[in-house]
Every structure is written in structure tokens, then in C-alpha cells.
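See below for input19.cif, which holds mmCIF, N, CA and C atoms.
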data_run
loop_
_atom_site.label_atom_id
_atom_site.label_comp_id
_atom_site.auth_asym_id
_atom_site.auth_seq_id
_atom_site.Cartn_x
_atom_site.Cartn_y
_atom_site.Cartn_z
N MET A 1 -3.56 12.24 3.37
CA MET A 1 -3.87 11.64 2.09
C MET A 1 -2.58 11.37 1.33
N ILE A 2 -2.61 10.29 0.57
CA ILE A 2 -1.53 10.00 -0.37
C ILE A 2 -2.15 9.93 -1.77
N THR A 3 -1.32 10.16 -2.76
CA THR A 3 -1.74 9.99 -4.15
C THR A 3 -1.16 8.67 -4.63
N VAL A 4 -2.01 7.81 -5.15
CA VAL A 4 -1.56 6.51 -5.67
C VAL A 4 -1.74 6.55 -7.18
N LEU A 5 -0.65 6.26 -7.90
CA LEU A 5 -0.65 6.24 -9.35
C LEU A 5 -0.51 4.81 -9.86
N TYR A 6 -1.22 4.49 -10.92
CA TYR A 6 -1.16 3.16 -11.53
C TYR A 6 -0.70 3.31 -12.97
N PHE A 7 0.29 2.50 -13.38
CA PHE A 7 0.85 2.59 -14.72
C PHE A 7 0.73 1.27 -15.48
N ALA A 8 0.79 1.37 -16.80
CA ALA A 8 0.83 0.24 -17.72
C ALA A 8 -0.34 -0.71 -17.50
N ARG A 9 -0.05 -2.02 -17.33
CA ARG A 9 -1.14 -3.00 -17.24
C ARG A 9 -2.05 -2.75 -16.04
N LEU A 10 -1.49 -2.16 -14.97
CA LEU A 10 -2.31 -1.88 -13.79
C LEU A 10 -3.38 -0.85 -14.12
N ARG A 11 -3.00 0.20 -14.81
CA ARG A 11 -3.96 1.24 -15.20
C ARG A 11 -5.06 0.63 -16.06
N GLU A 12 -4.67 -0.23 -16.98
CA GLU A 12 -5.66 -0.87 -17.87
C GLU A 12 -6.56 -1.84 -17.11
N ALA A 13 -5.98 -2.67 -16.26
CA ALA A 13 -6.76 -3.68 -15.53
C ALA A 13 -7.70 -3.05 -14.50
N LEU A 14 -7.23 -2.00 -13.82
CA LEU A 14 -8.00 -1.40 -12.74
C LEU A 14 -8.97 -0.33 -13.23
N GLY A 15 -8.71 0.18 -14.41
CA GLY A 15 -9.60 1.18 -14.99
C GLY A 15 -9.43 2.58 -14.41
N LEU A 16 -8.28 2.84 -13.77
CA LEU A 16 -8.00 4.19 -13.31
C LEU A 16 -6.50 4.43 -13.27
N SER A 17 -6.13 5.69 -13.37
CA SER A 17 -4.71 6.02 -13.39
C SER A 17 -4.21 6.56 -12.06
N GLN A 18 -5.13 7.07 -11.23
CA GLN A 18 -4.72 7.56 -9.91
C GLN A 18 -5.92 7.70 -8.99
N GLU A 19 -5.61 7.77 -7.69
CA GLU A 19 -6.63 7.99 -6.68
C GLU A 19 -5.97 8.54 -5.43
N GLN A 20 -6.79 9.05 -4.53
CA GLN A 20 -6.34 9.56 -3.24
C GLN A 20 -6.79 8.57 -2.16
N ILE A 21 -5.88 8.26 -1.22
CA ILE A 21 -6.20 7.36 -0.12
C ILE A 21 -5.73 8.01 1.18
N ALA A 22 -6.58 7.98 2.20
CA ALA A 22 -6.24 8.57 3.50
C ALA A 22 -5.33 7.63 4.28
N VAL A 23 -4.21 8.17 4.79
CA VAL A 23 -3.30 7.41 5.65
C VAL A 23 -2.76 8.35 6.73
N ALA A 24 -2.40 7.78 7.87
CA ALA A 24 -1.72 8.53 8.92
C ALA A 24 -0.22 8.39 8.72
N ASP A 25 0.56 9.41 9.07
CA ASP A 25 2.01 9.35 8.91
C ASP A 25 2.59 8.10 9.55
N GLY A 26 3.40 7.38 8.79
CA GLY A 26 4.12 6.23 9.29
C GLY A 26 3.27 5.02 9.62
N ALA A 27 1.97 5.11 9.37
CA ALA A 27 1.07 4.01 9.75
C ALA A 27 0.98 2.95 8.67
N MET A 28 1.58 3.19 7.51
CA MET A 28 1.42 2.26 6.40
C MET A 28 2.75 2.06 5.68
N THR A 29 2.94 0.84 5.20
CA THR A 29 4.09 0.53 4.34
C THR A 29 3.55 0.24 2.94
N VAL A 30 4.45 0.11 2.00
CA VAL A 30 4.03 -0.27 0.65
C VAL A 30 3.31 -1.61 0.70
N ALA A 31 3.84 -2.56 1.46
CA ALA A 31 3.21 -3.89 1.55
C ALA A 31 1.80 -3.80 2.14
N SER A 32 1.61 -2.99 3.18
CA SER A 32 0.27 -2.88 3.77
C SER A 32 -0.69 -2.15 2.84
N LEU A 33 -0.18 -1.19 2.05
CA LEU A 33 -1.03 -0.55 1.05
C LEU A 33 -1.45 -1.56 -0.02
N MET A 34 -0.53 -2.41 -0.43
CA MET A 34 -0.86 -3.44 -1.42
C MET A 34 -1.91 -4.41 -0.86
N GLN A 35 -1.82 -4.74 0.43
CA GLN A 35 -2.82 -5.61 1.07
C GLN A 35 -4.18 -4.92 1.10
N LEU A 36 -4.18 -3.63 1.40
CA LEU A 36 -5.42 -2.86 1.41
C LEU A 36 -6.07 -2.86 0.03
N LEU A 37 -5.27 -2.66 -0.99
CA LEU A 37 -5.79 -2.66 -2.36
C LEU A 37 -6.29 -4.05 -2.76
N ALA A 38 -5.53 -5.09 -2.41
CA ALA A 38 -5.93 -6.46 -2.75
C ALA A 38 -7.25 -6.83 -2.10
N ALA A 39 -7.53 -6.27 -0.91
CA ALA A 39 -8.77 -6.57 -0.18
C ALA A 39 -10.01 -6.07 -0.92
N ARG A 40 -9.83 -5.25 -1.93
CA ARG A 40 -10.96 -4.79 -2.73
C ARG A 40 -11.54 -5.92 -3.58
N GLY A 41 -10.78 -7.00 -3.72
CA GLY A 41 -11.27 -8.19 -4.43
C GLY A 41 -11.07 -8.13 -5.93
N ALA A 42 -11.54 -9.18 -6.60
CA ALA A 42 -11.51 -9.32 -8.06
C ALA A 42 -10.15 -8.97 -8.65
N VAL A 43 -10.13 -8.08 -9.62
CA VAL A 43 -8.89 -7.74 -10.32
C VAL A 43 -7.86 -7.12 -9.38
N TRP A 44 -8.31 -6.40 -8.35
CA TRP A 44 -7.39 -5.81 -7.38
C TRP A 44 -6.60 -6.90 -6.67
N GLN A 45 -7.28 -7.98 -6.32
CA GLN A 45 -6.59 -9.09 -5.66
C GLN A 45 -5.60 -9.76 -6.61
N GLN A 46 -5.98 -9.93 -7.86
CA GLN A 46 -5.07 -10.53 -8.85
C GLN A 46 -3.80 -9.72 -8.98
N GLU A 47 -3.92 -8.41 -8.99
CA GLU A 47 -2.76 -7.54 -9.22
C GLU A 47 -1.91 -7.32 -7.98
N PHE A 48 -2.52 -7.27 -6.79
CA PHE A 48 -1.78 -6.86 -5.59
C PHE A 48 -1.59 -7.93 -4.52
N ALA A 49 -2.12 -9.13 -4.71
CA ALA A 49 -1.99 -10.16 -3.68
C ALA A 49 -0.83 -11.12 -3.95
N GLY A 50 0.12 -10.69 -4.74
CA GLY A 50 1.29 -11.52 -5.00
C GLY A 50 1.16 -12.44 -6.19
N CYS A 51 0.03 -12.40 -6.88
CA CYS A 51 -0.17 -13.23 -8.06
C CYS A 51 0.68 -12.74 -9.23
N ARG A 52 0.91 -11.42 -9.27
CA ARG A 52 1.68 -10.81 -10.34
C ARG A 52 2.71 -9.87 -9.72
N LEU A 53 3.85 -9.77 -10.37
CA LEU A 53 4.92 -8.91 -9.86
C LEU A 53 4.58 -7.44 -10.09
N VAL A 54 4.71 -6.64 -9.03
CA VAL A 54 4.44 -5.21 -9.07
C VAL A 54 5.58 -4.49 -8.37
N ARG A 55 6.07 -3.44 -8.97
CA ARG A 55 7.10 -2.59 -8.35
C ARG A 55 6.42 -1.34 -7.81
N ALA A 56 7.10 -0.68 -6.86
CA ALA A 56 6.55 0.54 -6.27
C ALA A 56 7.63 1.61 -6.17
N ALA A 57 7.20 2.84 -6.31
CA ALA A 57 8.07 4.00 -6.09
C ALA A 57 7.32 4.95 -5.16
N VAL A 58 8.05 5.51 -4.20
CA VAL A 58 7.49 6.52 -3.32
C VAL A 58 8.23 7.82 -3.61
N ASN A 59 7.46 8.83 -3.98
CA ASN A 59 8.04 10.12 -4.35
C ASN A 59 9.12 9.96 -5.42
N GLN A 60 8.82 9.13 -6.41
CA GLN A 60 9.64 8.89 -7.59
C GLN A 60 10.96 8.18 -7.30
N THR A 61 11.03 7.46 -6.18
CA THR A 61 12.20 6.65 -5.84
C THR A 61 11.75 5.21 -5.68
N LEU A 62 12.37 4.30 -6.42
CA LEU A 62 12.05 2.89 -6.32
C LEU A 62 12.30 2.41 -4.89
N VAL A 63 11.33 1.70 -4.30
CA VAL A 63 11.44 1.28 -2.90
C VAL A 63 11.07 -0.20 -2.74
N ALA A 64 11.47 -0.76 -1.61
CA ALA A 64 11.09 -2.12 -1.24
C ALA A 64 9.71 -2.09 -0.59
N ASP A 65 9.11 -3.25 -0.44
CA ASP A 65 7.77 -3.36 0.13
C ASP A 65 7.68 -2.88 1.58
N ASN A 66 8.80 -2.83 2.29
CA ASN A 66 8.76 -2.40 3.69
C ASN A 66 8.96 -0.89 3.86
N ALA A 67 8.99 -0.14 2.75
CA ALA A 67 9.15 1.32 2.82
C ALA A 67 7.91 1.94 3.47
N THR A 68 8.14 2.92 4.33
CA THR A 68 7.07 3.62 5.02
C THR A 68 6.46 4.68 4.11
N ILE A 69 5.13 4.80 4.20
CA ILE A 69 4.40 5.82 3.44
C ILE A 69 3.85 6.84 4.43
N ASN A 70 4.05 8.12 4.11
CA ASN A 70 3.56 9.21 4.96
C ASN A 70 2.53 10.04 4.22
N ALA A 71 1.71 10.74 4.96
CA ALA A 71 0.73 11.64 4.35
C ALA A 71 1.44 12.60 3.42
N GLY A 72 0.85 12.84 2.27
CA GLY A 72 1.44 13.73 1.28
C GLY A 72 2.33 13.03 0.27
N ASP A 73 2.66 11.77 0.51
CA ASP A 73 3.51 11.03 -0.43
C ASP A 73 2.76 10.67 -1.70
N GLU A 74 3.54 10.45 -2.75
CA GLU A 74 3.03 9.93 -4.01
C GLU A 74 3.57 8.52 -4.14
N VAL A 75 2.68 7.54 -4.31
CA VAL A 75 3.07 6.15 -4.46
C VAL A 75 2.66 5.69 -5.85
N ALA A 76 3.62 5.20 -6.61
CA ALA A 76 3.35 4.72 -7.96
C ALA A 76 3.55 3.22 -8.02
N PHE A 77 2.61 2.52 -8.64
CA PHE A 77 2.71 1.07 -8.86
C PHE A 77 2.82 0.82 -10.35
N PHE A 78 3.72 -0.09 -10.72
CA PHE A 78 3.93 -0.41 -12.12
C PHE A 78 4.52 -1.80 -12.25
N PRO A 79 4.33 -2.45 -13.40
CA PRO A 79 4.93 -3.76 -13.61
C PRO A 79 6.43 -3.59 -13.84
N PRO A 80 7.21 -4.65 -13.59
CA PRO A 80 8.65 -4.55 -13.83
C PRO A 80 8.92 -4.25 -15.31
N VAL A 81 9.97 -3.50 -15.53
CA VAL A 81 10.34 -3.14 -16.90
C VAL A 81 11.50 -4.02 -17.33
N THR A 82 11.40 -4.54 -18.53
CA THR A 82 12.50 -5.35 -19.05
C THR A 82 13.06 -4.66 -20.29
N GLY A 83 14.30 -4.89 -20.53
CA GLY A 83 14.95 -4.28 -21.70
C GLY A 83 15.49 -5.34 -22.62
N GLY A 84 15.92 -4.90 -23.74
CA GLY A 84 16.44 -5.87 -24.70
C GLY A 84 17.59 -5.36 -25.47
#
Just give me the structure as C-alpha cells.
Amino acid sequence: MITVLYFARLREALGLSQEQIAVADGAMTVASLMQLLAARGAVWQQEFAGCRLVRAAVNQTLVADNATINAGDEVAFFPPVTGG
């Protein structure tokens, strides 16, 4: 199992802040997790199918979409942060 956290607009749009998803070690990347989430349809597809920019962190480290996810990992999704 992995813990998936949703922040900011994602938490609001999806209506949840976290969930548990079953994965096998090394069997999933951030990109494949995003595809799995997008396959849920509706708002999930809008947020995770490339329509909107989403960043990911695995175990509190910012990662690229090709990063491997292992059982026990924490994956956080959030919109890009801008400063001023």
C-alpha cells in the first residue's frame, strides 16, 4: 500500500485529502499512478490527464514523473507553487 496525499486545488476538486492505494514494489511510477487516477473519470481526468499541471513528491522529495513508487511510500500531489 501507498499513501496518496492531495493538496490545495486537488484536495478541493477531488473532495479528499488522502487515500491508500495497493501497489507492488517497483511496479508503478508517478506517471502510471497519475494515469490510474485519471482513469477514474470526470474531475480525476481533468486533474491528472495532463489538462492541468500537477507536481509530485515521493517521501517528501520532489520527483519527476518517471520516479518509481514502492509499497510503503507516501506520494503527494499538488499544483505548482509560484512566488512573488
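Here CA of Gln60 in chain A is placed at a distance of 7.0 Å from atom C of Glu74 in chain A.
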From the list A:Val30, A:Val43, A:Ala13, A:Leu37, the nearest residue to Ala56 in chain A using only C-alpha atoms is A:Val30
Polymer residues at most 7 Å from Ala8 in chain A, only N, CA and C atoms, same-chain spacing of 6 or more positions, as a ChimeraX atom specification | /A:77-79
In terms of the shortest atom-to-atom distance over all atoms listed in the file, which of A:Ala64, A:Ile21, A:Met28, A:Leu36 is closest to Thr3 in chain A?
->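 Ranked by minimum distance to Thr3 in chain A, first place goes to A:Ile21.
In this comparison, which uses only N, CA and C atoms, the residue of A:Gln18, A:Thr68, A:Gln45, A:Thr61 approaching Ala31 in chain A most closely is A:Thr68.
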In terms of only N, CA and C atoms, the residue from A:Asn70, A:Val63, A:Leu10, A:Ala49 at minimal distance from Gly26 in chain A is A:Asn70
Between A:Asp65, A:Arg9, A:Ala42, A:Met1, which has the minimum distance to Ala24 in chain A (counting only N, CA and C atoms)?
->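 Closest to Ala24 in chain A of all the choices is A:Met1.
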Residue neighbourhood Ser17 in chain A, 6 Å, only N, CA and C atoms, exclusion window fewer than 3 positions, as JSON, numbers by chain | {"A": [4, 5, 6, 11]}
Atom pair CA of Asp25 in chain A / CA of Ala71 in chain A: separation (Å) |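 Calculated distance between CA of Asp25 in chain A and CA of Ala71 in chain A is 5.3 Å.
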Between A:Glu12, A:Asp73, A:Gln35, A:Pro80, which has the minimum distance to Leu53 in chain A (counting all atoms listed in the file)?
->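 Result for the nearest residue to Leu53 in chain A: A:Pro80.
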From atom C of Gly41 in chain A to atom C of Leu62 in chain A the spacing works out at 25.7 Å
Would you give me, as an NGL selection string, the residues in chain A that DSSP reads as strand (DSSP E or B)?
-> :A and (2-6 or 18-21 or 28-29 or 55-58 or 61-63 or 68-69 or 74-78)
Output as a list in words all residues of chain A that backbone DSSP marks as helix (DSSP H, G or I).
->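 Helix (DSSP H, G or I) members of chain A, listed: Arg9, Leu10, Arg11, Glu12, Ala13, Leu14, Val30, Ala31, Ser32, Leu33, Met34, Gln35, Leu36, Leu37, Ala38, Ala42, Val43, Trp44, Gln45, Gln46, Glu47 and Phe48 of chain A.
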